[in-house]
$ cat input_28.pdb   # PDB, C-alpha atoms, pLDDT in the B column
ATOM      1  CA  MET N   1       9.589 -39.455 -11.825  1.00 89.00           C
ATOM      2  CA  ARG N   2      11.469 -37.137  -9.492  1.00 93.00           C
ATOM      3  CA  ARG N   3      10.038 -35.554  -6.360  1.00 96.00           C
ATOM      4  CA  LEU N   4      10.925 -31.887  -6.119  1.00 96.00           C
ATOM      5  CA  LEU N   5      10.540 -29.488  -3.213  1.00 97.00           C
ATOM      6  CA  VAL N   6       9.864 -25.998  -4.551  1.00 97.00           C
ATOM      7  CA  THR N   7       9.856 -22.840  -2.433  1.00 98.00           C
ATOM      8  CA  ILE N   8       7.858 -19.771  -3.404  1.00 98.00           C
ATOM      9  CA  ARG N   9       6.744 -16.469  -1.949  1.00 98.00           C
ATOM     10  CA  TYR N  10       3.541 -14.635  -2.751  1.00 98.00           C
ATOM     11  CA  ASP N  11       1.331 -11.633  -2.129  1.00 98.00           C
ATOM     12  CA  GLY N  12      -2.008 -13.208  -1.254  1.00 97.00           C
ATOM     13  CA  THR N  13      -4.153 -10.129  -1.894  1.00 96.00           C
ATOM     14  CA  ALA N  14      -5.650 -11.364  -5.158  1.00 96.00           C
ATOM     15  CA  TYR N  15      -6.056 -15.016  -4.123  1.00 96.00           C
ATOM     16  CA  HIS N  16      -8.559 -17.080  -2.163  1.00 95.00           C
ATOM     17  CA  GLY N  17      -5.765 -18.806  -0.288  1.00 94.00           C
ATOM     18  CA  TRP N  18      -3.520 -21.644  -1.429  1.00 95.00           C
ATOM     19  CA  GLN N  19      -5.945 -24.533  -1.935  1.00 91.00           C
ATOM     20  CA  VAL N  20      -7.568 -25.054  -5.338  1.00 89.00           C
ATOM     21  CA  GLN N  21     -11.253 -24.066  -5.436  1.00 88.00           C
ATOM     22  CA  SER N  22     -13.665 -24.600  -8.286  1.00 84.00           C
ATOM     23  CA  ASN N  23     -15.028 -21.057  -8.254  1.00 88.00           C
ATOM     24  CA  ALA N  24     -12.065 -18.922  -7.149  1.00 91.00           C
ATOM     25  CA  VAL N  25      -8.510 -17.991  -8.098  1.00 94.00           C
ATOM     26  CA  THR N  26      -5.955 -19.589  -5.780  1.00 96.00           C
ATOM     27  CA  VAL N  27      -2.181 -19.721  -5.493  1.00 97.00           C
ATOM     28  CA  GLN N  28      -2.149 -23.478  -6.084  1.00 97.00           C
ATOM     29  CA  SER N  29      -4.012 -23.149  -9.386  1.00 96.00           C
ATOM     30  CA  ALA N  30      -1.618 -20.406 -10.543  1.00 97.00           C
ATOM     31  CA  VAL N  31       1.358 -22.627  -9.664  1.00 97.00           C
ATOM     32  CA  GLN N  32      -0.154 -25.579 -11.543  1.00 97.00           C
ATOM     33  CA  ASP N  33      -0.753 -23.355 -14.574  1.00 96.00           C
ATOM     34  CA  ALA N  34       2.911 -22.319 -14.554  1.00 97.00           C
ATOM     35  CA  LEU N  35       4.128 -25.897 -14.111  1.00 96.00           C
ATOM     36  CA  GLU N  36       1.950 -27.074 -16.981  1.00 96.00           C
ATOM     37  CA  GLN N  37       3.460 -24.441 -19.253  1.00 95.00           C
ATOM     38  CA  THR N  38       6.950 -25.381 -18.062  1.00 93.00           C
ATOM     39  CA  VAL N  39       6.907 -29.198 -18.236  1.00 92.00           C
ATOM     40  CA  GLY N  40       4.040 -29.845 -20.648  1.00 91.00           C
ATOM     41  CA  MET N  41       1.776 -31.594 -18.149  1.00 91.00           C
ATOM     42  CA  ARG N  42      -0.313 -30.553 -15.166  1.00 93.00           C
ATOM     43  CA  PRO N  43       1.260 -32.275 -12.158  1.00 92.00           C
ATOM     44  CA  ASN N  44      -0.270 -32.459  -8.721  1.00 94.00           C
ATOM     45  CA  VAL N  45       1.267 -30.109  -6.168  1.00 96.00           C
ATOM     46  CA  THR N  46       1.053 -30.577  -2.400  1.00 97.00           C
ATOM     47  CA  GLY N  47       1.566 -27.538  -0.196  1.00 96.00           C
ATOM     48  CA  CYS N  48       3.067 -27.277   3.274  1.00 96.00           C
ATOM     49  CA  SER N  49      -0.028 -25.491   4.563  1.00 92.00           C
ATOM     50  CA  ARG N  50      -3.370 -23.961   3.612  1.00 87.00           C
ATOM     51  CA  THR N  51      -3.272 -20.191   3.806  1.00 88.00           C
ATOM     52  CA  ASP N  52      -6.529 -18.243   3.927  1.00 90.00           C
ATOM     53  CA  THR N  53      -7.845 -15.639   1.512  1.00 94.00           C
ATOM     54  CA  GLY N  54      -5.625 -12.549   1.560  1.00 95.00           C
ATOM     55  CA  VAL N  55      -2.836 -14.122   3.638  1.00 97.00           C
ATOM     56  CA  HIS N  56       0.723 -13.747   2.330  1.00 97.00           C
ATOM     57  CA  ALA N  57       3.801 -15.986   2.380  1.00 98.00           C
ATOM     58  CA  ASP N  58       7.473 -15.069   2.282  1.00 97.00           C
ATOM     59  CA  MET N  59       8.218 -18.789   2.308  1.00 97.00           C
ATOM     60  CA  PHE N  60       5.812 -21.480   1.139  1.00 97.00           C
ATOM     61  CA  CYS N  61       6.918 -24.980   0.129  1.00 97.00           C
ATOM     62  CA  PHE N  62       5.245 -27.538  -2.070  1.00 97.00           C
ATOM     63  CA  HIS N  63       6.307 -30.873  -3.510  1.00 97.00           C
ATOM     64  CA  THR N  64       5.531 -32.204  -6.959  1.00 97.00           C
ATOM     65  CA  ASP N  65       6.489 -35.251  -9.017  1.00 96.00           C
ATOM     66  CA  ILE N  66       7.708 -34.615 -12.538  1.00 93.00           C
ATOM     67  CA  GLY N  67       9.616 -36.511 -15.185  1.00 89.00           C
ATOM     68  CA  GLY N  68      12.292 -35.262 -17.534  1.00 85.00           C
ATOM     69  CA  SER N  69      15.747 -33.934 -16.872  1.00 87.00           C
ATOM     70  CA  ILE N  70      15.128 -30.219 -16.308  1.00 91.00           C
ATOM     71  CA  SER N  71      17.489 -28.970 -13.611  1.00 94.00           C
ATOM     72  CA  CYS N  72      16.202 -27.348 -10.431  1.00 96.00           C
ATOM     73  CA  ASP N  73      17.744 -24.002 -11.383  1.00 96.00           C
ATOM     74  CA  ARG N  74      16.117 -24.069 -14.807  1.00 96.00           C
ATOM     75  CA  LEU N  75      12.781 -25.053 -13.297  1.00 96.00           C
ATOM     76  CA  VAL N  76      12.848 -22.026 -10.977  1.00 97.00           C
ATOM     77  CA  SER N  77      13.646 -19.695 -13.886  1.00 97.00           C
ATOM     78  CA  ALA N  78      10.983 -21.240 -16.095  1.00 96.00           C
ATOM     79  CA  LEU N  79       8.337 -21.066 -13.371  1.00 97.00           C
ATOM     80  CA  ASN N  80       9.058 -17.386 -12.796  1.00 98.00           C
ATOM     81  CA  ALA N  81       8.648 -16.740 -16.499  1.00 97.00           C
ATOM     82  CA  HIS N  82       5.090 -18.120 -16.314  1.00 97.00           C
ATOM     83  CA  LEU N  83       3.968 -17.153 -12.815  1.00 98.00           C
ATOM     84  CA  PRO N  84       2.060 -13.886 -12.250  1.00 97.00           C
ATOM     85  CA  ASP N  85       3.984 -10.976 -10.763  1.00 97.00           C
ATOM     86  CA  ASP N  86       2.620 -11.557  -7.262  1.00 97.00           C
ATOM     87  CA  ILE N  87       4.036 -15.118  -7.020  1.00 98.00           C
ATOM     88  CA  ALA N  88       7.725 -16.022  -7.347  1.00 98.00           C
ATOM     89  CA  ALA N  89       9.725 -19.240  -6.988  1.00 98.00           C
ATOM     90  CA  TYR N  90      13.176 -18.945  -5.436  1.00 97.00           C
ATOM     91  CA  ASP N  91      14.362 -22.454  -4.583  1.00 97.00           C
ATOM     92  CA  CYS N  92      14.001 -26.016  -5.842  1.00 97.00           C
ATOM     93  CA  ARG N  93      15.704 -29.229  -4.762  1.00 95.00           C
ATOM     94  CA  GLU N  94      15.261 -32.916  -5.371  1.00 95.00           C
ATOM     95  CA  VAL N  95      14.056 -34.892  -2.337  1.00 95.00           C
ATOM     96  CA  PRO N  96      13.366 -38.582  -1.635  1.00 94.00           C
ATOM     97  CA  GLY N  97      10.091 -40.071  -2.801  1.00 94.00           C
ATOM     98  CA  ASP N  98       8.664 -40.301   0.723  1.00 94.00           C
ATOM     99  CA  PHE N  99       9.169 -36.612   1.425  1.00 95.00           C
ATOM    100  CA  HIS N 100       5.910 -34.724   2.017  1.00 96.00           C
ATOM    101  CA  ALA N 101       5.742 -30.936   2.022  1.00 96.00           C
ATOM    102  CA  ARG N 102       3.148 -30.942   4.797  1.00 95.00           C
ATOM    103  CA  TYR N 103       3.749 -34.033   6.888  1.00 94.00           C
ATOM    104  CA  SER N 104       7.560 -33.839   6.806  1.00 95.00           C
ATOM    105  CA  CYS N 105       7.365 -30.270   8.111  1.00 95.00           C
ATOM    106  CA  THR N 106       8.551 -29.922  11.725  1.00 94.00           C
ATOM    107  CA  GLY N 107       7.287 -26.397  12.298  1.00 95.00           C
ATOM    108  CA  LYS N 108       6.380 -23.003  10.904  1.00 96.00           C
ATOM    109  CA  ARG N 109       6.828 -19.385  11.871  1.00 97.00           C
ATOM    110  CA  TYR N 110       4.243 -16.697  11.180  1.00 98.00           C
ATOM    111  CA  CYS N 111       4.382 -12.939  11.541  1.00 98.00           C
ATOM    112  CA  TYR N 112       1.381 -10.699  12.074  1.00 98.00           C
ATOM    113  CA  ARG N 113       1.804  -6.952  11.580  1.00 98.00           C
ATOM    114  CA  PHE N 114      -0.183  -4.016  12.920  1.00 98.00           C
ATOM    115  CA  TYR N 115       0.262  -0.467  11.655  1.00 98.00           C
ATOM    116  CA  ASP N 116      -0.606   2.224  14.216  1.00 97.00           C
ATOM    117  CA  GLY N 117       0.754   5.380  12.591  1.00 95.00           C
ATOM    118  CA  ARG N 118      -1.335   8.550  12.802  1.00 92.00           C
ATOM    119  CA  SER N 119      -1.659   8.787   9.026  1.00 93.00           C
ATOM    120  CA  ARG N 120      -2.586   6.111   6.531  1.00 91.00           C
ATOM    121  CA  ASN N 121       0.496   4.606   4.886  1.00 94.00           C
ATOM    122  CA  PRO N 122      -0.142   3.179   1.394  1.00 94.00           C
ATOM    123  CA  PHE N 123       2.948   0.979   1.630  1.00 94.00           C
ATOM    124  CA  TRP N 124       1.431  -0.973   4.527  1.00 95.00           C
ATOM    125  CA  MET N 125      -2.221  -1.092   3.449  1.00 94.00           C
ATOM    126  CA  LYS N 126      -1.974  -4.655   2.082  1.00 95.00           C
ATOM    127  CA  TYR N 127       0.520  -6.056   4.590  1.00 97.00           C
ATOM    128  CA  ALA N 128      -0.487  -4.776   8.023  1.00 98.00           C
ATOM    129  CA  SER N 129      -3.746  -4.334   9.885  1.00 97.00           C
ATOM    130  CA  ARG N 130      -4.299  -0.653  10.646  1.00 97.00           C
ATOM    131  CA  VAL N 131      -5.066   0.258  14.259  1.00 97.00           C
ATOM    132  CA  PRO N 132      -6.498   3.697  15.169  1.00 93.00           C
ATOM    133  CA  VAL N 133      -4.600   4.041  18.481  1.00 95.00           C
ATOM    134  CA  ARG N 134      -0.979   3.707  19.559  1.00 97.00           C
ATOM    135  CA  LEU N 135      -0.385   0.154  20.763  1.00 98.00           C
ATOM    136  CA  ASP N 136       1.445  -0.773  23.950  1.00 98.00           C
ATOM    137  CA  GLU N 137       3.948  -3.189  22.412  1.00 98.00           C
ATOM    138  CA  SER N 138       5.636  -3.873  25.766  1.00 98.00           C
ATOM    139  CA  ALA N 139       2.384  -5.194  27.244  1.00 98.00           C
ATOM    140  CA  MET N 140       1.767  -7.193  24.063  1.00 98.00           C
ATOM    141  CA  ASN N 141       5.234  -8.759  24.311  1.00 98.00           C
ATOM    142  CA  GLU N 142       4.633  -9.632  27.959  1.00 98.00           C
ATOM    143  CA  ALA N 143       1.359 -11.282  27.022  1.00 98.00           C
ATOM    144  CA  ALA N 144       2.846 -13.096  24.015  1.00 98.00           C
ATOM    145  CA  ALA N 145       5.374 -14.824  26.259  1.00 98.00           C
ATOM    146  CA  HIS N 146       2.506 -16.758  27.864  1.00 98.00           C
ATOM    147  CA  PHE N 147       1.901 -18.589  24.576  1.00 98.00           C
ATOM    148  CA  MET N 148       5.298 -20.264  24.913  1.00 97.00           C
ATOM    149  CA  GLY N 149       5.410 -23.980  25.709  1.00 97.00           C
ATOM    150  CA  ARG N 150       3.044 -26.873  25.169  1.00 97.00           C
ATOM    151  CA  HIS N 151      -0.622 -25.977  25.641  1.00 97.00           C
ATOM    152  CA  ASP N 152      -4.101 -26.916  24.530  1.00 97.00           C
ATOM    153  CA  PHE N 153      -4.987 -24.072  22.152  1.00 97.00           C
ATOM    154  CA  ALA N 154      -8.633 -25.064  21.659  1.00 95.00           C
ATOM    155  CA  GLY N 155      -9.653 -21.515  22.558  1.00 96.00           C
ATOM    156  CA  PHE N 156      -7.548 -20.208  19.672  1.00 97.00           C
ATOM    157  CA  CYS N 157      -9.199 -22.230  16.941  1.00 94.00           C
ATOM    158  CA  SER N 158     -12.160 -21.171  14.813  1.00 88.00           C
ATOM    159  CA  VAL N 159     -15.454 -22.686  15.874  1.00 79.00           C
ATOM    160  CA  GLY N 160     -16.421 -25.610  13.677  1.00 70.00           C
ATOM    161  CA  SER N 161     -12.923 -26.924  13.085  1.00 69.00           C
ATOM    162  CA  SER N 162     -12.823 -30.731  12.837  1.00 70.00           C
ATOM    163  CA  VAL N 163      -9.343 -31.086  14.380  1.00 80.00           C
ATOM    164  CA  SER N 164      -9.453 -33.379  17.410  1.00 83.00           C
ATOM    165  CA  ASP N 165      -5.947 -32.758  18.807  1.00 93.00           C
ATOM    166  CA  THR N 166      -5.629 -29.089  19.723  1.00 95.00           C
ATOM    167  CA  VAL N 167      -2.369 -29.329  21.685  1.00 97.00           C
ATOM    168  CA  ARG N 168       0.577 -27.492  20.129  1.00 97.00           C
ATOM    169  CA  THR N 169       4.093 -26.542  21.240  1.00 97.00           C
ATOM    170  CA  VAL N 170       5.071 -22.897  20.717  1.00 97.00           C
ATOM    171  CA  SER N 171       8.830 -22.320  20.581  1.00 96.00           C
ATOM    172  CA  GLU N 172       8.854 -18.599  19.814  1.00 97.00           C
ATOM    173  CA  SER N 173       6.378 -15.861  20.668  1.00 98.00           C
ATOM    174  CA  CYS N 174       7.303 -12.198  20.852  1.00 98.00           C
ATOM    175  CA  VAL N 175       6.214  -8.712  19.849  1.00 98.00           C
ATOM    176  CA  ARG N 176       8.490  -5.924  18.628  1.00 98.00           C
ATOM    177  CA  ARG N 177       8.034  -2.418  17.270  1.00 98.00           C
ATOM    178  CA  ASP N 178       9.767  -0.884  14.253  1.00 97.00           C
ATOM    179  CA  GLY N 179       8.521   2.666  13.840  1.00 97.00           C
ATOM    180  CA  ASP N 180       4.781   2.546  13.293  1.00 97.00           C
ATOM    181  CA  VAL N 181       4.706  -1.216  12.685  1.00 98.00           C
ATOM    182  CA  VAL N 182       4.191  -3.697  15.523  1.00 98.00           C
ATOM    183  CA  THR N 183       5.029  -7.298  14.629  1.00 98.00           C
ATOM    184  CA  PHE N 184       3.945 -10.438  16.438  1.00 98.00           C
ATOM    185  CA  SER N 185       6.160 -13.430  15.585  1.00 98.00           C
ATOM    186  CA  VAL N 186       5.215 -16.957  16.582  1.00 98.00           C
ATOM    187  CA  ALA N 187       6.745 -20.346  15.766  1.00 97.00           C
ATOM    188  CA  ALA N 188       5.284 -23.736  16.646  1.00 96.00           C
ATOM    189  CA  ASP N 189       5.262 -27.386  15.655  1.00 94.00           C
ATOM    190  CA  GLY N 190       1.841 -26.814  14.118  1.00 93.00           C
ATOM    191  CA  PHE N 191      -1.070 -24.399  14.053  1.00 96.00           C
ATOM    192  CA  LEU N 192      -4.825 -24.732  14.295  1.00 95.00           C
ATOM    193  CA  TYR N 193      -7.239 -23.073  11.875  1.00 93.00           C
ATOM    194  CA  ASN N 194      -6.965 -19.288  12.378  1.00 95.00           C
ATOM    195  CA  MET N 195      -4.817 -19.842  15.474  1.00 97.00           C
ATOM    196  CA  VAL N 196      -2.299 -17.085  14.694  1.00 98.00           C
ATOM    197  CA  ARG N 197      -4.984 -14.579  13.741  1.00 98.00           C
ATOM    198  CA  ILE N 198      -6.855 -15.259  16.999  1.00 98.00           C
ATOM    199  CA  MET N 199      -3.598 -14.937  18.936  1.00 98.00           C
ATOM    200  CA  ALA N 200      -2.985 -11.620  17.166  1.00 98.00           C
ATOM    201  CA  GLY N 201      -6.520 -10.425  17.920  1.00 98.00           C
ATOM    202  CA  THR N 202      -6.035 -11.280  21.593  1.00 98.00           C
ATOM    203  CA  LEU N 203      -2.724  -9.403  21.709  1.00 98.00           C
ATOM    204  CA  LEU N 204      -4.415  -6.458  19.997  1.00 98.00           C
ATOM    205  CA  ASP N 205      -6.831  -6.273  22.932  1.00 98.00           C
ATOM    206  CA  VAL N 206      -3.827  -6.192  25.266  1.00 98.00           C
ATOM    207  CA  GLY N 207      -2.100  -3.500  23.219  1.00 98.00           C
ATOM    208  CA  MET N 208      -5.243  -1.360  23.267  1.00 98.00           C
ATOM    209  CA  GLY N 209      -5.662  -1.766  27.038  1.00 97.00           C
ATOM    210  CA  ARG N 210      -8.813  -3.870  26.847  1.00 97.00           C
ATOM    211  CA  THR N 211      -7.205  -7.033  28.244  1.00 97.00           C
ATOM    212  CA  ALA N 212      -4.496  -7.352  30.903  1.00 97.00           C
ATOM    213  CA  ALA N 213      -1.253  -9.018  29.833  1.00 97.00           C
ATOM    214  CA  ASP N 214      -1.260 -11.295  32.883  1.00 96.00           C
ATOM    215  CA  SER N 215      -4.692 -12.682  31.949  1.00 97.00           C
ATOM    216  CA  LEU N 216      -3.258 -14.680  29.028  1.00 97.00           C
ATOM    217  CA  PRO N 217      -2.525 -17.859  31.056  1.00 97.00           C
ATOM    218  CA  GLN N 218      -6.171 -17.947  32.164  1.00 97.00           C
ATOM    219  CA  ILE N 219      -7.418 -17.343  28.621  1.00 98.00           C
ATOM    220  CA  VAL N 220      -5.239 -20.150  27.226  1.00 98.00           C
ATOM    221  CA  ALA N 221      -6.157 -22.562  30.031  1.00 97.00           C
ATOM    222  CA  SER N 222      -9.887 -21.928  29.544  1.00 97.00           C
ATOM    223  CA  CYS N 223      -9.863 -23.544  26.061  1.00 96.00           C
ATOM    224  CA  ASP N 224     -12.868 -21.283  25.436  1.00 96.00           C
ATOM    225  CA  ARG N 225     -12.977 -19.469  22.100  1.00 95.00           C
ATOM    226  CA  LYS N 226     -15.150 -16.753  23.665  1.00 95.00           C
ATOM    227  CA  MET N 227     -12.367 -15.843  26.104  1.00 97.00           C
ATOM    228  CA  ALA N 228      -9.861 -15.028  23.384  1.00 97.00           C
ATOM    229  CA  GLY N 229      -9.905 -11.963  21.141  1.00 97.00           C
ATOM    230  CA  ALA N 230     -11.455 -11.500  17.733  1.00 97.00           C
ATOM    231  CA  THR N 231      -9.870 -13.083  14.663  1.00 97.00           C
ATOM    232  CA  ALA N 232      -7.491 -10.454  13.267  1.00 98.00           C
ATOM    233  CA  LYS N 233      -7.796  -9.444   9.605  1.00 97.00           C
ATOM    234  CA  PRO N 234      -6.069 -11.764   7.120  1.00 97.00           C
ATOM    235  CA  HIS N 235      -3.901  -9.248   5.263  1.00 96.00           C
ATOM    236  CA  GLY N 236      -1.678  -8.638   8.293  1.00 98.00           C
ATOM    237  CA  LEU N 237      -0.563 -12.280   8.343  1.00 98.00           C
ATOM    238  CA  ILE N 238       2.436 -13.738   6.552  1.00 98.00           C
ATOM    239  CA  LEU N 239       3.873 -17.251   6.607  1.00 97.00           C
ATOM    240  CA  ASP N 240       7.483 -16.367   7.341  1.00 96.00           C
ATOM    241  CA  LYS N 241       9.383 -19.660   7.646  1.00 96.00           C
ATOM    242  CA  VAL N 242       8.868 -23.396   7.124  1.00 96.00           C
ATOM    243  CA  PHE N 243      11.082 -25.873   8.964  1.00 95.00           C
ATOM    244  CA  TYR N 244      12.136 -29.392   7.965  1.00 93.00           C
ATOM    245  CA  GLY N 245      14.321 -30.967  10.634  1.00 76.00           C
ATOM    246  CA  GLY N 246      17.211 -33.390  10.216  1.00 55.00           C
ATOM    247  CA  ASP N 247      19.012 -34.792   7.197  1.00 43.00           C
ATOM    248  CA  ARG N 248      16.632 -37.692   6.488  1.00 41.00           C
ATOM    249  CA  PHE N 249      15.092 -35.893   3.536  1.00 43.00           C
ATOM    250  CA  GLY N 250      18.272 -34.157   2.437  1.00 45.00           C
ATOM    251  CA  VAL N 251      16.878 -30.864   3.697  1.00 48.00           C
ATOM    252  CA  ARG N 252      18.522 -29.505   6.812  1.00 48.00           C
ATOM    253  CA  LYS N 253      16.508 -27.222   9.070  1.00 47.00           C
ATOM    254  CA  GLU N 254      19.040 -24.414   8.791  1.00 44.00           C
ATOM    255  CA  GLU N 255      18.839 -24.559   5.003  1.00 47.00           C
ATOM    256  CA  ILE N 256      15.108 -24.008   4.970  1.00 45.00           C
TER
END
$ encode --input "input_28.pdb" --output "structure tokens"
Amino acid sequence: MRRLLVTIRYDGTAYHGWQVQSNAVTVQSAVQDALEQTVGMRPNVTGCSRTDTGVHADMFCFHTDIGGSISCDRLVSALNAHLPDDIAAYDCREVPGDFHARYSCTGKRYCYRFYDGRSRNPFWMKYASRVPVRLDESAMNEAAAHFMGRHDFAGFCSVGSSVSDTVRTVSESCVRRDGDVVTFSVAADGFLYNMVRIMAGTLLDVGMGRTAADSLPQIVASCDRKMAGATAKPHGLILDKVFYGGDRFGVRKEEI
């Protein structure tokens, strides 16, 4: 058996997230269907993360163990022949047997997009959360900078999460505008459940003038979910980048 690391991208609109569910269509089940048609068996696949219903990914990695001699290039082509139009594979490489798509990951970067144009734009309806007022992206960027560093992000995790360690290190956090689209980008060594969407909802309050940018340190330090903003809508979120550091697994960070 060979362990393969496969990289895909997908539009999450039609899916109930990545993880297989007994009563819903998920990205993982669609990938397993395509693999079964490609290699003649239904292998297990382990993803780098668990995206929520409606969340998208420009880069999502999973590992799987398969036999046979099919090359990585041929596997990518064959998968794309069987995957639905809203999911596409674009990279595959062989990795050591102890590689793990989730636990070998050293970090991820997400982007959350708001659309604040005066008129509805059909090209952004599925990929950005529409806001009825013009956002102050400069204030949002000032506030986003306070997420940088190592903090306890307990206040930015959905209530009921079973995670005990809520400390994470954020290495990138910024907001930029491109026309009528305001994008929040954040990279960290790990994320809590709904952490990015709660961050985005908090920055939305700043951009709309409901929360002061300089109040972010207090909100983070409080570790109180009630202090942070609402959980932003899922369709504005995209998993943008997955990082695997070092050469131990034959996957250099700059390659991924």
$ resolve_selection --input "input_28.pdb" --expression "the PyMOL selection byres ((chain N and resi 2-12) around 7)" --output "PDB file with C-alpha atoms, in the frame of the given file"
ATOM      1  CA  MET N   1       9.589 -39.455 -11.825  1.00 89.00           C
ATOM      2  CA  THR N  13      -4.153 -10.129  -1.894  1.00 96.00           C
ATOM      3  CA  ALA N  14      -5.650 -11.364  -5.158  1.00 96.00           C
ATOM      4  CA  TYR N  15      -6.056 -15.016  -4.123  1.00 96.00           C
ATOM      5  CA  GLY N  17      -5.765 -18.806  -0.288  1.00 94.00           C
ATOM      6  CA  THR N  53      -7.845 -15.639   1.512  1.00 94.00           C
ATOM      7  CA  GLY N  54      -5.625 -12.549   1.560  1.00 95.00           C
ATOM      8  CA  VAL N  55      -2.836 -14.122   3.638  1.00 97.00           C
ATOM      9  CA  HIS N  56       0.723 -13.747   2.330  1.00 97.00           C
ATOM     10  CA  ALA N  57       3.801 -15.986   2.380  1.00 98.00           C
ATOM     11  CA  ASP N  58       7.473 -15.069   2.282  1.00 97.00           C
ATOM     12  CA  MET N  59       8.218 -18.789   2.308  1.00 97.00           C
ATOM     13  CA  PHE N  60       5.812 -21.480   1.139  1.00 97.00           C
ATOM     14  CA  CYS N  61       6.918 -24.980   0.129  1.00 97.00           C
ATOM     15  CA  PHE N  62       5.245 -27.538  -2.070  1.00 97.00           C
ATOM     16  CA  HIS N  63       6.307 -30.873  -3.510  1.00 97.00           C
ATOM     17  CA  THR N  64       5.531 -32.204  -6.959  1.00 97.00           C
ATOM     18  CA  ASP N  65       6.489 -35.251  -9.017  1.00 96.00           C
ATOM     19  CA  ILE N  66       7.708 -34.615 -12.538  1.00 93.00           C
ATOM     20  CA  GLY N  67       9.616 -36.511 -15.185  1.00 89.00           C
ATOM     21  CA  ASP N  86       2.620 -11.557  -7.262  1.00 97.00           C
ATOM     22  CA  ILE N  87       4.036 -15.118  -7.020  1.00 98.00           C
ATOM     23  CA  ALA N  88       7.725 -16.022  -7.347  1.00 98.00           C
ATOM     24  CA  ALA N  89       9.725 -19.240  -6.988  1.00 98.00           C
ATOM     25  CA  TYR N  90      13.176 -18.945  -5.436  1.00 97.00           C
ATOM     26  CA  ASP N  91      14.362 -22.454  -4.583  1.00 97.00           C
ATOM     27  CA  CYS N  92      14.001 -26.016  -5.842  1.00 97.00           C
ATOM     28  CA  ARG N  93      15.704 -29.229  -4.762  1.00 95.00           C
ATOM     29  CA  GLU N  94      15.261 -32.916  -5.371  1.00 95.00           C
ATOM     30  CA  VAL N  95      14.056 -34.892  -2.337  1.00 95.00           C
ATOM     31  CA  PRO N  96      13.366 -38.582  -1.635  1.00 94.00           C
ATOM     32  CA  GLY N  97      10.091 -40.071  -2.801  1.00 94.00           C
TER      33      GLY N  97
END
$ atom_distance --input "input_28.pdb" --atom1 "atom CA of Phe147 of chain N" --atom2 "atom CA of Gly47 of chain N"
26.3 Å
$ resolve_selection --input "input_28.pdb" --expression "the PyMOL selection byres ((chain N and resi 189) around 10)" --output "list in words"
Cys105, Thr106, Gly107, Lys108, Arg109, Arg150, Val167, Arg168, Thr169, Val170, Ser171, Ala187, Ala188, Gly190, Phe191 and Phe243 of chain N
$ residues_around --input "input_28.pdb" --residues "Lys233 of chain N" --least-positions-apart "2" --cutoff "8 Å" --atoms "all atoms listed in the file" --output "list in words"
Ser129, Arg197, Thr231, His235, Gly236 and Leu237 of chain N
$ write_last_selection --input "input_28.pdb" --atoms "C-alpha atoms" --output "compact mmCIF listing (two decimals), keeping the file's coordinate frame"
# COMPACT_ATOMS: atom_id res chain seq x y z
CA SER N 129 -3.75 -4.33 9.88
CA ARG N 197 -4.98 -14.58 13.74
CA THR N 231 -9.87 -13.08 14.66
CA HIS N 235 -3.90 -9.25 5.26
CA GLY N 236 -1.68 -8.64 8.29
CA LEU N 237 -0.56 -12.28 8.34
$ closest_residue --input "input_28.pdb" --among "N:His146, N:Arg210, N:His151, N:Arg118" --to "Val131 of chain N" --atoms "all atoms listed in the file"
N:Arg118
